[in-house]
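**Q** Take a look at this one; I'll ask things after.
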Amino acid sequence: MRIRREHFLWPTLATGAAVAVAAAGGGSGVGVGHLSFKNAADTHLQINTPTATKAVRSVTWGLYRDVNSVDPIFGFDYPENTVDSALCDALFRQTPSGGRAPGLALKVSNPNPTTDVLTLRPGVTFWDGHPMTSADVVYSLQRAANTKVGGFYTSIFNRVKSISATGKLQVTLKLTQPDQWLLGELSSLPGMIIEKSFATKAGTKYGTMGVGGMCTGPYMIKSWTAKNGLIAVKNPHYWDRSIHPWVNQYTFKGFTDSAMTSGLETGAIGITYSTDPTILQALKGNKKLSVTQGSSYITDALIVANNKGPLGNVKVRQALSMALDRQAYIKATYQGAAQMPNTLANPGTWGGYEPSIFQAAYNALPSYKSPNIAAAKKLIQQAGATGKTITIGMSNQITQIQNAATTVEDAAANIGLKVKLKTFPAATWIDVFTSAKARAGLDAFFVLSYPDYGAPEGQYQQFVLPTGSLNYSGFNDPTITKLLNRSRSTANAAARARLVVQAQKLIMQQLPWIPLSDPDTVLVTQKNLTGAPASFSYMYAPWAAVKLGGR
Amino acid sequence: MSALLEVEHLSVWLPVEGSPRSILTDVSLSLEEGEALGIVGESGSGKSMTARAIARLLPPSAEIAGTVAFDGADTYELKGAALRRFRSQVPIVFQDPRAHINPLRRIGDFMCEGALASGGQSKAAALKKATKLLGDMGIKDPEGRLHQYPHELSGGMLQRVMIASTLMTDPRLILADEPTTALDVTTQEEVVAILDELRRERGLALIFITHDLDLAAALCDQTAVFYAGEIVDLQASSTLHTDPLHPYMAGLAAARPAVDSRGGRLAVIPGNPISAYEAPRGCRFAARCGFAEDRCTAGRVALEPVASGFARCVRAEELRAARGAW
Amino acid sequence: MGRRLGVMAATLLVSSFVIFGALYLAPGTPLAALSGGKNLPPSAVRVLERRFDLNQPFLERYWHWLTGVLHGDFGYSVVHQSNVSTLLGQELPISAELILYAGLLTIVFGIGLGMVSALRPGKVDDVVLALTAGSAAMPAFVAGIVLLLILSVDLGWFPALGQGAGFVSRFRHLTLPAVAMALAGFALVARITRTSMREQLQNEHVQTAVSRGVGYWPIVTRHVMRNASIPIVTSFVVVFATLIALDPVVESVFSISGVGGTLVNDALEKDIPSVQGVCLVLVAAFVVLNTLVDLAYRVLDPRLKSRS
Ligand SMILES: Nc1ncnc2c1ncn2[C@@H]1O[C@H](COP(=O)(O)OP(=O)(O)OP(=O)(O)O)[C@@H](O)[C@H]1O
Ligand SMILES: [Mg+2]
């Protein structure tokens with residue numbers, strides 16, 4: 001029986017708060033250099049794998065389930081992110097290390113701080129040969145912003161007043177306030193451009209199996225059936241001449257954990273980013289497979305869901321965080337494929353801009369390397385919380401959550417807190433996030449979350465802003481809110497980063513969530529395949545698809 | 001010329017829980033072409049086993065001593081096609097036609113099966129023959145019957161089918177193992193009449209197994225009386241009642257008037273019947289015999305010629321002489 | 001036959017209602033599947049709920065679905081973003097092939113071994129008995145994984161995943177899963193064959209056939225097997241019911257894109273039209289199977305024919 005994998009990851013949904021913003025200086029381009037950086041907690045994480053040298057006829061790409069839509073604005077989970085990234089281009093391209101590079105837009109200029117003028121790349125065609133124009137871009141963005149269409153990314157446009165074509169290859173966004181987060185999001189699924197004529201004809205069926213989609217990406221849909229999965233072939237007219245995909249054809253298909261394992265072991269599956277962490281060592285031991293751990297955007301944490309209970313006291317949160325034996329948890333759960341978290345944003349998200357500022361800030365934060373029970377106990381006593389009970393939601397059918405619950409239980413017991421576990425079946429675990437009724441009575445529950453682009457604030461905004469989509473406790477710290485909203489409006493990267501690390505320091509004191517680990521991206525390929533980045537970029541950019549090839 | 005069937009010193013053992021159990025001991029009898037032999041005896045005395053031994057239908061686990069010769073050939077030497085041909089020459093009419101005819105196959109298939117197996121006949125010819133035989137048995141609409149299934153026929157009708165089926169292969173000896181026991185009284189008479197007629201018309205040899213002494217005597221030239229796996233008295237049917245050679249037969253004959261003749265069971269003789277394997281040394285009837293002496297149980301008793309027949313009794317001559325004794 | 005169709009329609013109606021109701025009442029929403037379970041913005045939820053009729057009251061939804069089915073429209077799968085009839089059209093043949101293949105293996109090997117076992121008492125029989133006991137005790141998914149590990153992962157004789165395309169490739173892909181599925185039912189068929197053949201061998205009419213000079217094989221086939229066929233054919237219902245029940249597990253172990261693997265997942269995701277479509281087909285298949293076996297009885301056992 002297919003038990004849903006532990007893929008309950010939560011992307012950012014930028015929700016704006018009105019904060020006046022300093023004007024960004026002149027119309028500078030967006031291009032960001034490929035800054036490489038070392039992960040603070042560990043140094044063995046890789047971004048790239050050795051370059052491919054050989055063409056390959058066809059590769060099966062293992063997903064944890066079949067793709068159900070190729071409409072980027074209805075893509076919200078690994079399979080769709082992975083496939084959309086191979087099929088479609090966004091206005092900006094996330095680099096393998098998480099930076100932002102020109103994509104279908106060459107640059108953004110700001111005639112005034114609340115106007116983003118996008119200059120589109122000339123010579124781009126859709127798979128059907130039709131040239132991409134500003135009409136397609138305006139259509140795609142307006143469609144993504146339109147709440148009547150029902151896309152998943154409407155709220156990222158909440159500082160956008162209007163989207164209009166101001167030239168054949170120019171699109172102008174009028175904003176209520178400057179918005180750096182919007183540019184980040186436009187390097188992700190909501191920034192992917194689909195063909196207007198195709199999409200209007202397809203209507204609500206756009207992106208479904210029967211109709212398919214129409215994008216500009218390096219791969220195009222050849223066939224798509226429930227039986228054989230989505231088969232994509234090289235787009236011979238791809239605009240980016242610097243890219244030479246090695247693999248002629250990909251089959252994107254969903255596999256259960258056990259099928260994924262046997263598929264990898266027999267060579268039936270060429271590449272996957274979704275393996276069960278509990279079999280990592282077995283895969284590493286397999287001579288036919290290459291396993292690479294890379295940086296990711298994912299944060300593994302305990303959500304504090306109720307600020308009226310014992311966890312409403314910041315000392316209790318801090319004590320619990322201090323008492324967690326994260327090292328043991330990471331070993332048991334990820335077989336080492338996760339890092340110690342100093343913050344609630346994975347260092348993998350720093351690559352977007354100014355990693356050195358984030359690195360320094362990270363290093364300055366207290367480390368969680370080993371539990372400090374004595375100090376934690378003292379905090380509990382100070383808070384007068386000794387003997388109090390916290391209720392934690394978990395699912396014992398999901399190994400990672402089961403282990404996390406045990407870790408929290410042990411820590412609580414060590415510092416004089418009682419834990420009551422409320423167990424959900426894997427199938428209804430989702431309800432904890434979507435239904436207030438399911439959440440009732442919970443002081444905390446577990447989450448894996450990630451932002452849509454390489455920026456820690458993309459991660460933080462979803463649970464520290466009062467309007468954040470994952471802010472379940474009503475956490476509201478005016479200073480933090482103000483700092484983050486200012487960062488949203490700040491065009492200067494270094495200034496923005498400094499605002500974010502200021503907020504981050506407060507967040508790590510306040511602990512609206514309690515970090516558990518920073519899981520790695522785990523790339524598994526056949527030994528004879530190489531080249532795909534081991535970073536989280538496979539979720540947003542075509543690198544994995546175009547760089548994979550024969551060794 | 002030798003007899004059609006010659007059984008000599010036939011003994012049979014069957015394994016029961018691994019060890020052989022005596023079923024028949026020293027059975028000898030012979031049958032001429034066209035002759036009829038009646039076999040009577042209490043239940044369990046070995047009548048059916050004798051028939052099976054003759055038709056080579058003993059289970060593979062049986063141990064057999066002695067010989068059975070059919071038409072001069074030792075039947076236990078036969079194999080494969082020759083064995084099957086022999087069997088088709090010595091078909092059995094079983095007691096319960098309902099159980100002994102496959103309920104899932106048509107009458108026609110049942111009738112023709114043996115004939116087709118032994119070869120030489122086309123299906124059409126076999127069906128024609130079957131039709132004719134059923135007609136001969138006094139069955140109406142024989143052709144229609146061939147297409148019917150056993151459950152659509154009455155017991156008597158089915159037994160006629162059974163008898164008719166034995167004739168399909170032009171046999172020379174028919175073994176009828178209590179062919180009327182499962183039938184009601186009027187049908188019994190009809191079936192016996194048919195068998196008798198057949199035998200006379202076609203000159204078939206017949207072994208007729210029954211519990212009914214009178215019937216055996218009426219139908220058969222000779223009668224063999226079985227007791228505990230042995231023949232104890234074997235003689236012409238005509239003298240069976242008037243000149244019993246063995247005290248057991250004498251007991252049966254004496255009790256006869258007390259028994260409802262047709263379809264009745266054998267007469268009641270004081271004491272319990274025994275099976276072959278339970279038999280003591282010497283005379284197996286001794287325990288129930290009014291004339292038993294020490295020498296009766298001293299050693300094996302052989303089947304010896306007495307008068308015009310055979311008896312297995314050390315005092316047979318002596319008792320016969322003193323006829324007045326019983 | 002008319003009555004039979006009536007019963008079938010009633011069965012389908014009742015089961016569809018029950019399944020619909022159970023799924024309707026279960027917690028969660030199929031929209032969660034679209035987002036991998038993430039919190040969707042309220043505007044998206046509103047639009048999608050309206051588009052897929054998710055917020056209509058139960059009876060209305062059921063009625064909508066039912067009238068659709070009567071017009072040949074099985075509805076739209078939210079999870080797969082596709083018409084259910086399209087999905088069924090793609091997935092059903094694979095499952096049908098797998099189940100039939102497994103059924104064929106079950107029956108051929110079950111009857112074969114059962115016959116050997118019945119006709120060769122002693123050592124051969126003992127070996128067969130041990131074999132069937134072993135295979136009956138092994139759950140299909142364990143068998144599947146073991147077969148997969150040995151024959152596919154280690155030895156590379158068979159493909160590990162998927163269903164292949166084209167006859168030969170399909171055949172190769174479906175062999176291991178079919179064997180895994182066949183193991184359970186095969187023991188049943190072998191034992192029933194053995195027992196009923198033994199029983200028939202003891203039967204008096206077999207004696208009669210022997211006494212008529214009929215040969216060994218004609219007796220085995222025309223009498224023993226022929227008569228044993230009734231209980232054996234009866235066991236086919238159980239065999240196919242078992243295979244249908246095992247299909248989802250085996251399909252997911254071997255990653256076969258049939259209806260079974262989809263069924264379990266879609267039930268969890270509350271994708272009512274998809275689950276309903278598959279269930280309708282399964283119930284129909286079962287009713288048809290039962291009918292076929294009933295008909296087979298009539299052919300096999302003339303006593304039934306004259307009784308009705
Ligand atoms: N398969 C067998 N294994 C062991 N003993 C058997 C077997 N079949 C029959 N017997 C025994 O052989 C003996 C003779 O049996 P048989 O059937 O010849 O008796 P019968 O004279 O025909 O009796 P009835 O009048 O009841 O038909 C009986 O004691 C019976 O218990
Ligand atoms: Mg008898």
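Residues are named by chain letter and number: chains run A, B, ... in the order of the structure tokens, numbers start at 1 in each chain, and ligands are numbered from 1 in the order shown.
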Just the residues within 7 Å of Ile514 of chain A, please, counting only C-alpha atoms, with nothing from its chain fewer than 6 positions along; format it as a list in words.
**A**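 The residues that qualify are Ala301, Leu302, Ile303 and Ser321 of chain A.
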**Q** Take the residues just selected and output them with all heavy atoms as a short mmCIF file (atom, residue, chain, number, x, y, z; two decimals), in the first residue's frame.
**A**
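Generated file (again.cif):
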data_model
loop_
_atom_site.label_atom_id
_atom_site.label_comp_id
_atom_site.auth_asym_id
_atom_site.auth_seq_id
_atom_site.Cartn_x
_atom_site.Cartn_y
_atom_site.Cartn_z
N ALA A 301 11.45 21.62 10.83
CA ALA A 301 11.24 22.33 12.09
C ALA A 301 9.97 21.88 12.80
O ALA A 301 9.15 21.18 12.25
CB ALA A 301 11.16 23.83 11.82
N LEU A 302 9.88 22.34 14.05
CA LEU A 302 8.67 22.16 14.83
C LEU A 302 7.93 23.50 14.83
O LEU A 302 8.46 24.51 15.29
CB LEU A 302 9.03 21.75 16.27
CG LEU A 302 7.86 21.54 17.23
CD1 LEU A 302 7.08 20.29 16.86
CD2 LEU A 302 8.36 21.44 18.68
N ILE A 303 6.72 23.48 14.31
CA ILE A 303 5.91 24.69 14.28
C ILE A 303 5.29 24.89 15.65
O ILE A 303 4.67 23.97 16.18
CB ILE A 303 4.76 24.56 13.24
CG1 ILE A 303 5.32 24.50 11.83
CG2 ILE A 303 3.76 25.69 13.39
CD1 ILE A 303 4.24 24.40 10.76
N SER A 321 14.38 24.05 22.47
CA SER A 321 15.33 24.06 21.36
C SER A 321 16.73 23.65 21.83
O SER A 321 17.41 22.87 21.17
CB SER A 321 15.35 25.44 20.71
OG SER A 321 16.19 25.44 19.58
#
**Q** Write as a PyMOL selection string the residues around ligand 1, taking 7 Å as the cut-off and counting only C-alpha atoms and all ligand atoms.
**A** chain B and resi 14-16+21+23+41-50+211+229+275-276
**Q** If we count only C-alpha atoms and set the cut-off at 12 Å, which residues sit around segment 221-229 of chain C, ignoring sequence neighbours fewer than 4 positions away in its own chain? Please answer as a PyMOL selection string.
**A** (chain B and resi 100-106+109-110+113) or (chain C and resi 107+111-112+114-116+118-119+189-210+214-217+233-236+293+296-297+299-302)
**Q** Would you mind listing what lies within 10 Å of Ala364 of chain A as a list in words, with only C-alpha atoms counted and same-chain residues fewer than 5 positions away left out?
**A** Asn342, Phe358, Gln359 and Lys505 of chain A
**Q** Which residues are close to Arg46 of chain C, i.e. within 12 Å by only C-alpha atoms, leaving aside same-chain residues fewer than 3 positions away? Reply as a list in words.
**A** Thr147, Lys148, Val149, Gly150, Gly151 and Phe152 of chain A; Leu31, Leu40, Pro41, Pro42, Ser43, Glu49, Arg50, Arg51, Phe52, Asp53, Leu54 and Asn55 of chain C
**Q** Find the residues of chain A in contact range of chain C, meaning any atom within 6 Å when counting only C-alpha atoms, and list them as number ranges by chain.
**A** A: 1, 10, 68, 76-77, 147, 150-152, 208-209, 227, 255, 259, 265-266, 427, 430, 434
**Q** Go through A:Leu311, A:Leu120, A:Met192, A:Val524 one by one, measure the shortest atom-to-atom distance of each to Tyr540 of chain A using only C-alpha atoms, and give the residue with the smallest value.
**A**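 Looking only at the distances to Tyr540 of chain A, the closest residue turns out to be A:Met192.
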**Q** When distances are computed from only C-alpha atoms, which of B:Gln148, B:Ser19, B:Thr131, B:Ser61 shows the smallest separation from chain C?
**A** B:Gln148
**Q** Check every residue of chain B for an atom within 7 Å of chain C, counting only C-alpha atoms, and provide those that qualify as number ranges by chain.
**A** B: 55, 57, 84-85, 87-88, 91-92, 99-102, 104, 113-114, 117-118, 151
**Q** I need the residues in segment 87-225 of chain A that are alpha helix (DSSP H) according to DSSP; give them as a list of chain:residue names.
**A** A:Leu87, A:Ser134, A:Ala135, A:Asp136, A:Val137, A:Val138, A:Tyr139, A:Ser140, A:Leu141, A:Gln142, A:Arg143, A:Ala144, A:Ala145, A:Gln180, A:Trp181, A:Leu182, A:Leu183, A:Gly184, A:Glu185, A:Lys196, A:Ser197, A:Phe198, A:Ala199, A:Thr200, A:Lys201, A:Ala202
